[in-house]
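Novice: Contents of data.cif (mmCIF, C-alpha atoms) are given next:
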```cif
data_protein
#
loop_
_atom_site.label_atom_id
_atom_site.label_comp_id
_atom_site.auth_asym_id
_atom_site.auth_seq_id
_atom_site.Cartn_x
_atom_site.Cartn_y
_atom_site.Cartn_z
CA MET K 42 14.94 -3.16 37.89
CA SER K 43 14.53 -6.56 36.25
CA GLU K 44 14.55 -7.20 32.49
CA ARG K 45 10.94 -8.33 32.73
CA THR K 46 9.92 -4.97 34.24
CA LEU K 47 11.75 -3.07 31.50
CA ALA K 48 10.23 -5.20 28.78
CA ALA K 49 6.74 -4.67 30.12
CA GLY K 50 7.14 -0.91 29.85
CA VAL K 51 8.30 -0.84 26.20
CA GLU K 52 5.70 -2.21 23.83
CA PRO K 53 6.60 -2.67 20.15
CA SER K 54 4.91 0.01 18.08
CA ALA K 55 6.66 0.14 14.69
CA ILE K 56 4.90 -0.89 11.48
CA LEU K 57 6.82 -2.33 8.55
CA ALA K 58 5.08 -1.94 5.18
CA LEU K 59 6.35 -4.06 2.29
CA GLY K 60 5.49 -3.61 -1.39
CA MET K 61 6.25 -5.66 -4.49
CA ASP K 62 5.40 -5.12 -8.16
CA VAL K 63 6.88 -6.23 -11.46
CA GLN K 64 9.65 -3.62 -11.24
CA GLN K 65 10.78 -3.34 -7.63
CA VAL K 66 10.40 -4.29 -4.00
CA SER K 67 10.15 -1.62 -1.32
CA ALA K 68 10.08 -1.29 2.45
CA LEU K 69 8.75 1.55 4.56
CA LEU K 70 8.95 1.92 8.34
CA LEU K 71 6.40 3.87 10.36
CA GLU K 72 6.88 4.80 14.02
CA PRO K 73 4.85 6.89 16.48
CA VAL K 74 5.81 10.56 16.26
CA ASP K 75 3.81 13.13 18.23
CA GLY K 76 1.00 10.66 18.77
CA ALA K 77 0.66 9.45 15.17
CA HIS K 78 2.48 6.90 13.04
CA ARG K 79 4.73 8.63 10.53
CA VAL K 80 7.21 7.42 7.92
CA VAL K 81 10.73 7.42 9.35
CA GLY K 82 12.48 5.60 6.52
CA ARG K 83 11.97 3.98 3.15
CA HIS K 84 14.05 2.02 0.69
CA ALA K 85 13.50 0.24 -2.63
CA LEU K 86 15.45 -2.12 -4.87
CA PRO K 87 14.78 -3.18 -8.47
CA ILE K 88 13.92 -6.81 -9.09
CA ARG K 89 16.00 -6.75 -12.27
CA VAL K 90 19.49 -5.28 -12.40
CA SER K 91 21.40 -3.78 -15.32
CA ASP K 92 22.78 -7.07 -16.63
CA GLY K 93 19.28 -8.56 -16.83
CA GLU K 94 19.61 -10.80 -13.77
CA THR K 95 16.35 -11.27 -11.88
CA PHE K 96 16.37 -11.75 -8.10
CA PRO K 97 13.85 -14.01 -6.36
CA PRO K 98 11.27 -11.56 -4.94
CA LEU K 99 11.41 -12.88 -1.36
CA GLU K 100 15.20 -12.72 -1.36
CA ARG K 101 14.98 -9.15 -2.61
CA LEU K 102 12.51 -8.27 0.17
CA ALA K 103 14.97 -9.54 2.75
CA GLN K 104 17.74 -7.44 1.17
CA VAL K 105 15.71 -4.24 1.11
CA CYS K 106 14.69 -4.71 4.77
CA ARG K 107 18.24 -5.40 5.92
CA GLN K 108 19.58 -2.35 4.08
CA LEU K 109 16.86 -0.09 5.49
CA GLY K 110 17.45 -1.54 8.96
CA ARG K 111 21.18 -0.82 8.81
CA ARG K 112 20.45 2.75 7.76
CA LEU K 113 18.02 3.25 10.66
CA GLY K 114 20.14 1.37 13.20
CA ARG K 115 17.54 -1.28 14.05
CA PRO K 116 16.80 -4.84 12.87
CA LEU K 117 13.94 -5.22 10.42
CA TRP K 118 14.66 -8.76 9.19
CA LEU K 119 15.66 -11.72 11.36
CA PRO K 120 19.35 -12.70 11.07
CA SER K 121 18.24 -16.25 10.37
CA GLY K 122 16.47 -14.99 7.25
CA GLU K 123 13.10 -16.40 8.30
CA GLY K 124 11.17 -13.15 8.00
CA PRO K 125 10.52 -9.72 9.54
CA ALA K 126 11.91 -9.01 13.02
CA MET K 127 8.75 -9.55 15.06
CA SER K 128 10.89 -10.42 18.08
CA ASP K 129 14.08 -9.00 19.56
CA ALA K 130 16.85 -10.54 21.65
CA ASP K 131 16.75 -7.45 23.88
CA PRO K 132 13.03 -6.76 24.48
CA ALA K 133 13.81 -3.85 26.81
CA LEU K 134 14.70 -1.73 23.78
CA GLY K 135 11.33 -2.26 22.14
CA LEU K 136 12.84 -2.69 18.68
CA ALA K 137 10.64 -5.57 17.60
CA LEU K 138 8.06 -4.81 14.95
CA ALA K 139 4.46 -4.54 16.11
CA HIS K 140 2.87 -5.12 12.71
CA VAL K 141 3.85 -6.03 9.16
CA VAL K 142 1.67 -5.28 6.13
CA ALA K 143 2.43 -6.33 2.57
CA VAL K 144 1.00 -5.49 -0.86
CA ALA K 145 1.84 -7.32 -4.09
CA ASP K 146 0.80 -6.08 -7.53
CA PRO K 147 1.48 -8.56 -10.38
CA LEU K 148 0.33 -6.16 -13.11
CA PRO K 149 2.51 -3.63 -14.96
CA PRO K 150 1.89 0.08 -14.27
CA LEU K 151 -1.13 1.59 -15.98
CA ARG K 152 -0.20 3.52 -19.13
CA VAL K 153 -1.74 7.00 -18.91
CA LEU K 154 -1.93 9.82 -21.47
CA VAL K 155 -2.69 13.24 -20.00
CA ALA K 156 -4.47 15.90 -22.07
CA GLY K 157 -4.52 19.38 -20.56
CA LEU K 158 -5.09 22.98 -21.51
CA SER K 159 -1.69 24.32 -20.44
CA THR K 160 1.77 22.93 -19.79
CA GLY K 161 2.56 24.95 -16.67
CA GLU K 162 -0.78 24.48 -14.91
CA SER K 163 -3.10 21.70 -16.12
CA LEU K 164 -0.48 19.18 -17.21
CA ALA K 165 1.88 19.92 -14.31
CA ALA K 166 -0.90 19.54 -11.73
CA ALA K 167 -2.09 16.29 -13.31
CA GLN K 168 1.39 14.80 -13.27
CA GLU K 169 1.77 15.70 -9.60
CA ALA K 170 -1.58 14.08 -8.77
CA LEU K 171 -0.72 10.93 -10.73
CA ALA K 172 2.65 10.55 -9.01
CA SER K 173 0.96 8.60 -6.20
CA ALA K 174 -0.84 6.20 -8.56
CA PRO K 175 0.60 2.96 -9.97
CA CYS K 176 0.90 4.37 -13.47
CA ASP K 177 3.35 5.64 -16.07
CA VAL K 178 2.53 8.90 -17.84
CA VAL K 179 3.42 7.91 -21.41
CA ALA K 180 2.38 11.12 -23.21
CA LEU K 181 1.29 14.72 -22.62
CA CYS K 182 -1.05 16.49 -25.05
CA ARG K 183 -2.26 20.08 -25.48
CA PRO K 184 -5.03 21.00 -27.94
CA GLY K 185 -3.04 23.85 -29.51
CA ALA K 186 -0.39 21.40 -30.71
CA TYR K 187 -2.72 19.82 -33.30
CA ASP K 188 -4.07 21.12 -36.60
CA ASP K 189 -6.87 18.54 -36.63
CA VAL K 190 -8.22 15.60 -34.69
CA ALA K 191 -6.26 13.12 -36.81
CA GLY K 192 -2.98 14.32 -35.31
CA LEU K 193 -4.23 13.70 -31.79
CA ARG K 194 -5.59 10.31 -32.86
CA ASP K 195 -2.15 9.34 -34.18
CA ASP K 196 -0.43 10.41 -30.94
CA ILE K 197 -2.93 8.42 -28.87
CA ALA K 198 -2.44 5.38 -31.11
CA ASN K 199 1.36 5.61 -30.79
CA ALA K 200 1.24 6.01 -27.01
CA ALA K 201 -1.24 3.10 -26.63
CA PRO K 202 -2.54 4.29 -23.23
CA ASP K 203 -4.78 2.25 -20.95
CA ALA K 204 -6.40 5.47 -19.76
CA ILE K 205 -6.61 9.12 -20.82
CA VAL K 206 -6.91 11.81 -18.15
CA VAL K 207 -8.43 15.07 -19.41
CA CYS K 208 -7.86 18.05 -17.13
CA GLY K 209 -7.91 21.82 -17.14
CA GLY K 210 -10.15 24.83 -16.81
CA TYR K 211 -10.32 27.06 -13.77
CA ASP K 212 -12.96 25.61 -11.45
CA VAL K 213 -15.50 28.43 -11.76
CA PRO K 214 -18.96 28.33 -13.36
CA GLY K 215 -18.46 30.96 -16.05
CA GLY K 216 -18.54 30.01 -19.71
CA ALA K 217 -15.04 31.38 -20.25
CA ALA K 218 -13.68 28.64 -17.97
CA ARG K 219 -16.04 25.88 -19.10
CA GLY K 220 -15.64 26.39 -22.84
CA PRO K 221 -11.98 25.36 -23.23
CA ALA K 222 -12.44 22.31 -20.97
CA LEU K 223 -15.45 21.19 -22.97
CA ALA K 224 -13.68 21.74 -26.29
CA LEU K 225 -10.69 19.69 -25.13
CA SER K 226 -12.96 16.88 -23.95
CA GLU K 227 -14.75 16.84 -27.30
CA LEU K 228 -11.46 16.78 -29.20
CA VAL K 229 -10.16 13.83 -27.18
CA ALA K 230 -13.46 11.93 -27.49
CA GLN K 231 -13.44 12.40 -31.27
CA ALA K 232 -9.84 11.17 -31.50
CA VAL K 233 -10.64 8.07 -29.45
CA ARG K 234 -13.63 7.27 -31.67
CA LEU K 235 -11.29 7.32 -34.67
CA LEU K 236 -8.90 4.77 -33.17
CA ARG K 237 -10.98 1.76 -34.24
CA VAL K 238 -9.42 -0.44 -31.60
CA GLU K 239 -10.99 -3.40 -29.87
CA ARG K 240 -10.77 -1.83 -26.42
CA PRO K 241 -10.55 1.98 -26.41
CA PRO K 242 -8.66 3.60 -23.53
CA LEU K 243 -10.71 4.60 -20.53
CA MET K 244 -11.30 8.36 -20.44
CA VAL K 245 -11.22 10.19 -17.11
CA PHE K 246 -12.44 13.79 -16.95
CA ALA K 247 -10.90 15.67 -14.02
CA GLY K 248 -11.36 19.21 -15.28
CA ASN K 249 -13.79 22.06 -14.66
CA ARG K 250 -16.67 20.61 -12.60
CA TRP K 251 -19.18 22.97 -14.19
CA ALA K 252 -18.47 21.40 -17.58
CA ALA K 253 -19.06 17.87 -16.28
CA ALA K 254 -22.74 17.62 -17.27
CA ASP K 255 -21.93 18.73 -20.83
CA VAL K 256 -19.04 16.28 -21.04
CA LEU K 257 -21.29 13.36 -20.06
CA GLY K 258 -24.37 14.43 -21.97
CA ASP K 259 -23.38 16.14 -25.20
CA VAL K 260 -19.87 14.80 -25.74
CA ALA K 261 -19.20 11.49 -24.11
CA GLY K 262 -22.42 9.54 -24.40
CA ASP K 263 -23.04 6.83 -21.84
CA PRO K 264 -20.42 6.81 -19.04
CA ARG K 265 -21.34 3.20 -18.20
CA CYS K 266 -20.53 1.88 -21.68
CA ARG K 267 -19.06 -1.63 -21.42
CA GLY K 268 -18.10 -1.98 -25.08
CA SER K 269 -21.23 -3.86 -26.16
CA CYS K 270 -24.17 -1.47 -25.74
CA CYS K 271 -24.53 -0.48 -29.42
CA ALA K 272 -23.34 -1.21 -32.94
CA GLN K 273 -20.60 1.39 -32.66
CA CYS K 274 -19.14 -0.38 -29.63
CA ALA K 275 -19.55 -3.80 -31.22
CA ALA K 276 -17.50 -2.55 -34.17
CA GLY K 277 -14.72 -1.58 -31.78
CA ALA K 278 -15.12 2.16 -32.21
CA GLY K 279 -16.30 2.86 -28.69
CA HIS K 280 -18.19 5.88 -27.45
CA GLY K 281 -15.19 7.70 -26.06
CA ALA K 282 -17.17 7.79 -22.81
CA TYR K 283 -15.90 9.54 -19.71
CA VAL K 284 -15.73 8.71 -16.04
CA LEU K 285 -15.90 11.86 -13.90
CA VAL K 286 -13.66 12.38 -10.87
CA GLY K 287 -12.48 15.33 -8.85
CA GLY K 288 -8.95 16.45 -9.61
CA ASP K 289 -7.75 15.28 -6.18
CA SER K 290 -9.29 11.81 -6.66
CA VAL K 291 -7.86 10.85 -10.03
CA ALA K 292 -4.90 8.97 -8.52
CA ALA K 293 -7.22 6.93 -6.28
CA LEU K 294 -9.38 5.99 -9.26
CA LEU K 295 -6.34 4.79 -11.22
CA VAL K 296 -5.37 2.61 -8.27
CA VAL K 297 -8.71 0.86 -8.71
CA VAL K 298 -8.24 0.55 -12.46
CA SER K 299 -4.69 -0.82 -12.21
CA GLY K 300 -5.91 -3.58 -9.90
CA ALA K 301 -8.55 -4.78 -12.37
CA ALA K 302 -8.21 -6.63 -15.66
CA GLY K 303 -10.32 -7.34 -18.70
CA ASP K 304 -14.05 -7.05 -18.11
CA ALA K 305 -13.37 -6.50 -14.41
CA ALA K 306 -11.81 -3.14 -15.30
CA GLY K 307 -14.98 -2.02 -17.03
CA GLY K 308 -17.04 -3.08 -14.04
CA ALA K 309 -14.83 -1.29 -11.55
CA LEU K 310 -14.93 1.89 -13.61
CA GLY K 311 -18.65 1.75 -14.11
CA ASP K 312 -19.08 1.52 -10.35
CA ALA K 313 -16.69 4.43 -9.89
CA ALA K 314 -18.61 6.48 -12.43
CA GLY K 315 -21.84 5.86 -10.57
CA GLY K 316 -20.34 7.28 -7.40
CA ALA K 317 -18.53 10.23 -8.98
#
```
Let me see the file written as structure tokens.
Specialist:
Amino acid sequence: MSERTLAAGVEPSAILALGMDVQQVSALLLEPVDGAHRVVGRHALPIRVSDGETFPPLERLAQVCRQLGRRLGRPLWLPSGEGPAMSDADPALGLALAHVVAVADPLPPLRVLVAGLSTGESLAAAQEALASAPCDVVALCRPGAYDDVAGLRDDIANAAPDAIVVCGGYDVPGGAARGPALALSELVAQAVRLLRVERPPLMVFAGNRWAAADVLGDVAGDPRCRGSCCAQCAAGAGHGAYVLVGGDSVAALLVVVSGAAGDAAGGALGDAAGGA
């Protein structure tokens, strides 16, 4: 059988996904497994090392691909250093990459404070959900830890979050489940109003769905507030307004937020609130 016949029967099918942010570069290889592309290997390297040296990002991408390729026993970066291995000297093996996708995020991770009703349930579940979002959880808060709203305000001010995720309350319609979620939302909204900052953190409610209408109506005010709709906003106090999301969608929303900046962030969140 000729080399041409062998090559024709083995089509490249692997996908190399590359990622770069201000902290690291990463590579992930997907190959067909049982009829679907699945992750077969991943690797990441920091852009800055312990002595403060910073690597050129493209050089670091080449390094992470070569190291992952050696681990998997296949070339992912051309020996010449020109780029991903989209071709192979031995096409019969089908080791060339079929596709390469790349994502670059020039912004630092979103700073998120999580307020929940319980450490073992609400806060733990929120941290697990946020693990897939480009964010750093900078503080965890429970309502029982504060004697008054001023203590929570001080913790929020010290953490300086970009967003606050409020979660908790068993997802059932009874008042016993709604009450604590609503009380927590009100406490957080009051603390944010006391911050007196130019741009208050965005507030995301991902708790009991049956409390959502009360959170938007009685507690949060206008969820589409852009920071200029009233004298309170003009003074920098802010409404402490919420965007509503389902608990399983909070990470996706924060992906949208982290990719926006300045007024664009407010626009993106207003659009998200309209569809929540």
Novice: Might you spell out which residues the PyMOL selection byres ((chain K and resi 69) around 8) would select in the displayed file, as a list in words?
Specialist: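 Going through the file, the PyMOL selection byres ((chain K and resi 69) around 8) ends up selecting Leu57, Ala58, Leu59, Ser67, Ala68, Leu70, Leu71, Val80, Val81, Gly82, Arg83 and His84 of chain K.
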Novice: One decimal, in Å: what's the spacing between atom CA of K:Pro150 and atom CA of K:Pro241?
Specialist: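 Going from atom CA of K:Pro150 over to atom CA of K:Pro241 covers 17.5 Å.
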Novice: Enter the distance from atom CA of K:Ala143 to atom CA of K:Ser128, in Å, rounded to one decimal.
Specialist: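 Result for atom CA of K:Ala143 versus atom CA of K:Ser128: 18.1 Å, one decimal.
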Novice: Find, counting only C-alpha atoms, the residue in K:Ala174, K:Ala130, K:Ala156, K:Ala137 that gets nearest to K:Ile56.
Specialist: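 Residue with the minimum atom-to-atom distance to K:Ile56: K:Ala137.
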Novice: Do a neighbour search on stretch 198-209 of chain K at 8 Å with all atoms listed in the file, toss out local chain neighbours closer than 2 positions, and write the hits as number ranges by chain.
Specialist: K: 151-159, 162-164, 167, 179-180, 194-196, 211, 222, 225-226, 236, 241-249, 288
Novice: May I ask for the distance between atom CA of K:Gly210 and atom CA of K:Ala224, given in Å to one decimal place?
Specialist: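 According to the coordinates, atom CA of K:Gly210 and atom CA of K:Ala224 are separated by 10.6 Å.
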Novice: Between K:Ala166, K:Gln65, K:Gly110, K:Gly185, which residue has the minimum interatomic distance to K:Pro97, considering all atoms listed in the file?
Specialist: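 Among K:Ala166, K:Gln65, K:Gly110, K:Gly185, it is K:Gln65 that comes nearest to K:Pro97.
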Novice: Counting all atoms listed in the file, which of K:Val142, K:Met127, K:Val66, K:Ala191 gets nearest to K:Val105?
Specialist: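 Closest to K:Val105, using all atoms listed in the file: K:Val66.
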Novice: Restricting the calculation to all atoms listed in the file: of K:Leu109, K:Val229, K:Leu138, K:Ala77, which residue gets closest to K:Pro184?
Specialist: K:Val229
Novice: Have a look at K:Glu94, K:Asp255, K:Glu123, K:Glu72 and name the one nearest to K:Ala139; count only C-alpha atoms.
Specialist: K:Glu72
Novice: Show me the residues around (-0.5, -8.9, -5.1) - criterion: an atom at most 10 Å away, all atoms listed in the file counted - as a PyMOL selection string.
Specialist: chain K and resi 60-62+143-148+300
Novice: Output requested as a compact mmCIF listing (two decimals), in the coordinates of the input - stretch 229-240 of chain K, filled out with all heavy atoms.
Specialist:
```
# COMPACT_ATOMS: atom_id res chain seq x y z
N VAL K 229 -10.70 15.12 -27.59
CA VAL K 229 -10.16 13.83 -27.18
C VAL K 229 -11.16 12.71 -27.48
O VAL K 229 -10.79 11.64 -27.97
CB VAL K 229 -9.80 13.85 -25.68
CG1 VAL K 229 -9.40 12.46 -25.20
CG2 VAL K 229 -8.66 14.84 -25.43
N ALA K 230 -12.45 12.95 -27.21
CA ALA K 230 -13.46 11.93 -27.49
C ALA K 230 -13.52 11.61 -28.98
O ALA K 230 -13.62 10.44 -29.37
CB ALA K 230 -14.82 12.40 -26.99
N GLN K 231 -13.43 12.62 -29.83
CA GLN K 231 -13.44 12.40 -31.27
C GLN K 231 -12.22 11.58 -31.70
O GLN K 231 -12.32 10.68 -32.53
CB GLN K 231 -13.47 13.72 -32.01
CG GLN K 231 -14.78 14.48 -31.89
CD GLN K 231 -14.71 15.86 -32.52
OE1 GLN K 231 -13.65 16.30 -32.94
NE2 GLN K 231 -15.85 16.53 -32.59
N ALA K 232 -11.06 11.90 -31.14
CA ALA K 232 -9.84 11.17 -31.50
C ALA K 232 -9.93 9.71 -31.09
O ALA K 232 -9.52 8.82 -31.83
CB ALA K 232 -8.63 11.83 -30.84
N VAL K 233 -10.50 9.45 -29.92
CA VAL K 233 -10.64 8.07 -29.45
C VAL K 233 -11.60 7.30 -30.34
O VAL K 233 -11.39 6.12 -30.65
CB VAL K 233 -11.09 8.05 -27.97
CG1 VAL K 233 -11.49 6.64 -27.55
CG2 VAL K 233 -9.97 8.56 -27.08
N ARG K 234 -12.68 7.95 -30.79
CA ARG K 234 -13.63 7.27 -31.67
C ARG K 234 -12.97 6.86 -32.99
O ARG K 234 -13.37 5.89 -33.62
CB ARG K 234 -14.83 8.18 -31.95
CG ARG K 234 -15.70 8.45 -30.74
CD ARG K 234 -16.97 9.20 -31.13
NE ARG K 234 -17.70 9.65 -29.96
CZ ARG K 234 -17.79 10.91 -29.56
NH1 ARG K 234 -17.19 11.85 -30.26
NH2 ARG K 234 -18.48 11.23 -28.48
N LEU K 235 -11.97 7.61 -33.41
CA LEU K 235 -11.29 7.32 -34.67
C LEU K 235 -10.24 6.23 -34.56
O LEU K 235 -9.67 5.81 -35.57
CB LEU K 235 -10.63 8.59 -35.22
CG LEU K 235 -11.58 9.72 -35.65
CD1 LEU K 235 -10.77 10.96 -36.06
CD2 LEU K 235 -12.46 9.27 -36.80
N LEU K 236 -9.95 5.77 -33.35
CA LEU K 236 -8.90 4.77 -33.17
C LEU K 236 -9.26 3.43 -33.79
O LEU K 236 -8.40 2.70 -34.28
CB LEU K 236 -8.61 4.57 -31.67
CG LEU K 236 -7.88 5.70 -30.95
CD1 LEU K 236 -7.76 5.38 -29.47
CD2 LEU K 236 -6.50 5.92 -31.56
N ARG K 237 -10.53 3.05 -33.72
CA ARG K 237 -10.98 1.76 -34.24
C ARG K 237 -10.20 0.61 -33.62
O ARG K 237 -9.69 -0.28 -34.32
CB ARG K 237 -10.83 1.71 -35.77
CG ARG K 237 -11.61 2.78 -36.50
CD ARG K 237 -13.11 2.57 -36.38
NE ARG K 237 -13.88 3.62 -37.02
CZ ARG K 237 -15.19 3.67 -37.05
NH1 ARG K 237 -15.88 2.71 -36.46
NH2 ARG K 237 -15.83 4.66 -37.64
N VAL K 238 -10.11 0.63 -32.33
CA VAL K 238 -9.42 -0.44 -31.60
C VAL K 238 -10.45 -1.27 -30.86
O VAL K 238 -11.58 -0.84 -30.62
CB VAL K 238 -8.38 0.13 -30.61
CG1 VAL K 238 -7.25 0.80 -31.36
CG2 VAL K 238 -9.04 1.10 -29.64
N GLU K 239 -10.05 -2.49 -30.52
CA GLU K 239 -10.99 -3.40 -29.87
C GLU K 239 -11.41 -2.88 -28.50
O GLU K 239 -12.57 -3.00 -28.11
CB GLU K 239 -10.36 -4.78 -29.74
CG GLU K 239 -11.25 -5.82 -29.09
CD GLU K 239 -10.62 -7.18 -29.03
OE1 GLU K 239 -9.53 -7.35 -29.60
OE2 GLU K 239 -11.21 -8.09 -28.41
N ARG K 240 -10.46 -2.34 -27.76
CA ARG K 240 -10.77 -1.83 -26.42
C ARG K 240 -10.21 -0.42 -26.30
O ARG K 240 -9.02 -0.24 -26.03
CB ARG K 240 -10.19 -2.73 -25.34
CG ARG K 240 -10.59 -2.33 -23.92
CD ARG K 240 -9.99 -3.27 -22.90
NE ARG K 240 -10.60 -4.57 -23.00
CZ ARG K 240 -11.74 -4.91 -22.39
NH1 ARG K 240 -12.39 -4.03 -21.68
NH2 ARG K 240 -12.22 -6.13 -22.51
```
